[in-house]
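**Student:** Data: final35.txt, compact mmCIF, C-alpha atoms.
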```
# COMPACT_ATOMS: atom_id res chain seq x y z
CA MET A 15 65.93 91.30 81.17
CA PRO A 16 65.67 88.80 84.05
CA ARG A 17 67.32 85.46 83.64
CA PRO A 18 64.91 82.62 82.78
CA PRO A 19 64.69 79.70 85.21
CA ALA A 20 67.16 76.91 84.58
CA LEU A 21 65.83 74.05 82.50
CA PRO A 22 66.24 70.49 83.75
CA PRO A 23 69.05 68.50 82.10
CA GLU A 24 66.56 66.14 80.43
CA GLN A 25 64.91 69.04 78.63
CA LYS A 26 68.28 70.44 77.57
CA VAL A 27 69.25 67.03 76.17
CA THR A 28 66.02 66.82 74.18
CA ILE A 29 66.57 70.29 72.73
CA ILE A 30 70.22 69.66 71.85
CA LEU A 31 69.47 66.29 70.24
CA ALA A 32 66.78 67.94 68.10
CA VAL A 33 69.27 70.62 67.01
CA LEU A 34 71.99 68.04 66.32
CA ALA A 35 69.55 65.88 64.34
CA GLY A 36 68.58 68.87 62.20
CA GLU A 37 64.95 68.74 63.33
CA THR A 38 65.15 72.39 64.43
CA THR A 39 67.58 75.27 64.32
CA ALA A 40 69.33 76.70 67.35
CA ALA A 41 67.35 79.93 66.94
CA GLU A 42 64.00 78.09 66.86
CA ALA A 43 64.98 75.96 69.84
CA ALA A 44 66.03 79.08 71.76
CA ARG A 45 62.69 80.80 71.10
CA THR A 46 60.74 77.69 72.10
CA ALA A 47 62.74 77.17 75.31
CA GLY A 48 62.72 80.87 76.19
CA VAL A 49 66.52 81.16 76.23
CA THR A 50 69.10 82.91 74.08
CA ASP A 51 70.70 81.45 70.99
CA GLN A 52 74.01 81.60 72.86
CA ALA A 53 72.59 79.37 75.60
CA ILE A 54 71.72 76.74 72.99
CA TYR A 55 75.22 76.93 71.48
CA ASN A 56 76.77 76.65 74.97
CA TRP A 57 74.61 73.61 75.82
CA LYS A 58 75.50 72.03 72.50
CA ARG A 59 79.23 72.59 73.03
CA ARG A 60 79.08 71.24 76.58
CA PHE A 61 76.98 68.27 75.51
CA VAL A 62 79.33 67.34 72.72
CA THR A 63 82.31 67.76 75.05
CA ALA A 64 80.97 65.99 78.12
CA GLY A 65 77.76 64.24 77.15
CA ARG A 66 74.73 64.52 79.41
CA THR A 67 76.78 65.14 82.55
CA GLY A 68 78.07 68.35 80.97
CA LEU A 69 74.54 69.72 81.16
CA GLU A 70 73.93 68.76 84.80
CA THR A 71 73.62 71.65 87.23
CA GLY A 72 76.81 72.36 89.16
CA LEU A 73 79.16 70.75 86.67
CA ASP A 74 79.78 73.85 84.62
CA GLN A 75 83.23 75.20 83.85
CA ALA A 76 83.20 77.70 86.70
CA GLY A 77 82.55 74.92 89.21
CA GLN A 78 85.31 72.80 87.72
CA ARG A 79 87.71 75.77 87.79
CA GLU A 80 86.83 76.43 91.42
CA LYS A 81 87.58 72.79 92.28
CA GLN A 82 90.90 73.04 90.46
CA LEU A 83 91.83 76.24 92.29
CA LEU A 84 90.90 74.77 95.68
CA GLY A 85 93.18 71.83 94.91
CA GLU A 86 96.01 74.20 94.00
CA VAL A 87 95.48 76.17 97.21
CA ALA A 88 95.72 72.96 99.24
CA GLU A 89 98.94 72.00 97.44
CA LEU A 90 100.44 75.45 98.04
CA LYS A 91 99.51 75.35 101.74
CA GLN A 92 101.20 71.97 102.05
CA ALA A 93 104.32 73.24 100.25
CA LEU A 94 104.43 76.32 102.46
CA GLY A 95 104.12 74.20 105.60
CA ASP A 96 106.89 71.88 104.39
CA SER A 97 109.13 74.88 103.62
CA TYR A 98 108.50 76.34 107.06
CA LEU A 99 109.46 73.07 108.74
CA GLN A 100 112.63 72.85 106.63
CA LEU A 101 113.55 76.44 107.53
CA ARG A 102 113.09 75.71 111.24
CA ALA A 103 115.30 72.62 110.95
CA ILE A 104 118.00 74.59 109.10
CA ARG A 105 117.92 77.37 111.69
CA ALA A 106 118.16 74.87 114.53
CA SER A 107 121.12 73.10 112.94
CA MET A 108 122.87 76.43 112.27
CA LEU A 109 122.45 77.45 115.91
CA SER A 110 123.86 74.16 117.11
CA VAL A 111 126.82 74.50 114.72
CA ARG A 112 127.49 78.06 115.86
CA ALA A 113 127.31 77.02 119.50
CA GLY A 114 129.94 74.36 119.03
CA ALA A 115 132.19 76.10 116.47
CA PRO A 116 135.73 76.70 117.78
CA GLY A 117 137.02 80.27 117.65
CA ARG A 118 133.55 81.68 117.36
CA PRO A 119 131.74 82.22 120.63
CA HIS A 120 128.01 81.70 120.81
CA ARG A 121 125.75 84.70 121.50
CA ALA A 122 125.06 83.44 125.00
CA ALA A 123 128.81 83.33 125.72
CA LEU A 124 129.21 86.87 124.39
CA ALA A 125 126.32 88.07 126.54
CA ALA A 126 127.84 86.41 129.59
CA ARG A 127 131.12 88.26 128.96
CA GLY A 128 129.27 91.53 128.61
CA ALA A 129 130.27 92.01 124.99
```
Can you give me the file's structure in the form of structure tokens?

**Tutor:**
Amino acid sequence: MPRPPALPPEQKVTIILAVLAGETTAAEAARTAGVTDQAIYNWKRRFVTAGRTGLETGLDQAGQREKQLLGEVAELKQALGDSYLQLRAIRASMLSVRAGAPGRPHRAALAARGA
């Protein structure tokens, strides 16, 4: 069965308010709007949770989850970049310590000796 075209938010609000007011049942509203009973229950839940903006196109849970995940990806990229810079600084300081440590020749000194 093909998916029916999306209803505008104003129409969804009218339907949900009629259901909430007891003027119609969810099943009757679904038949009238040409959608499933489940769609009516989803709209009702979203409306009660978020008001009218919860019924606006593009503000569904999947879109919100995608936004959240994109934010987490950005944070992880930043943390990875910071860790990389810290690792480079640690390696550089270790090389400078090794180069100047008494009793322990640096690799370049060993190579020069032919070791």

**Student:** Do a neighbour search on Leu34 (chain A) at 12 Å with all atoms listed in the file, toss out local chain neighbours closer than 3 positions, and write the hits as a ChimeraX atom specification.

**Tutor:** /A:27-31,37-40,43,54-55,57-59,61-62

**Student:** Which distance in Å separates CA of Gly77 (chain A) and CA of Lys26 (chain A), to one decimal?

**Tutor:**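 Separating CA of Gly77 (chain A) from CA of Lys26 (chain A) is a distance of 19.0 Å.
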
**Student:** Please, what distance in Å, to one decimal, runs between CA of Asn56 (chain A) and CA of Gln78 (chain A)?

**Tutor:**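 Computed distance, CA of Asn56 (chain A) to CA of Gln78 (chain A), equals 15.8 Å.
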
**Student:** Check the smallest atom-to-atom distance from each of A:Ser97, A:Thr50, A:Arg60, A:Arg45 to Pro23 (chain A) using all atoms listed in the file, then report the winner.

**Tutor:**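 Ranked by minimum distance to Pro23 (chain A), first place goes to A:Arg60.
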
**Student:** Please, what distance in Å, to one decimal, runs between CA of Ala53 (chain A) and CA of Leu84 (chain A)?

**Tutor:** 27.6 Å

**Student:** Would you please work out which residue, of A:Ala47, A:Ala106, A:Lys81, A:Tyr98, is nearest to Gln25 (chain A) when using all atoms listed in the file?

**Tutor:**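 Going through A:Ala47, A:Ala106, A:Lys81, A:Tyr98 one by one, the smallest distance to Gln25 (chain A) is for A:Ala47.
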
**Student:** Draw an axis-aligned box over all listed atoms of region 96-104 of chain A, pad each side with 4 Å, and write its centre and edge lengths in Å, one decimal, as AutoDock Vina command-line options.

**Tutor:**
```
--center_x 112.4 --center_y 74.2 --center_z 107.4 --size_x 19.1 --size_y 12.6 --size_z 15.6
```
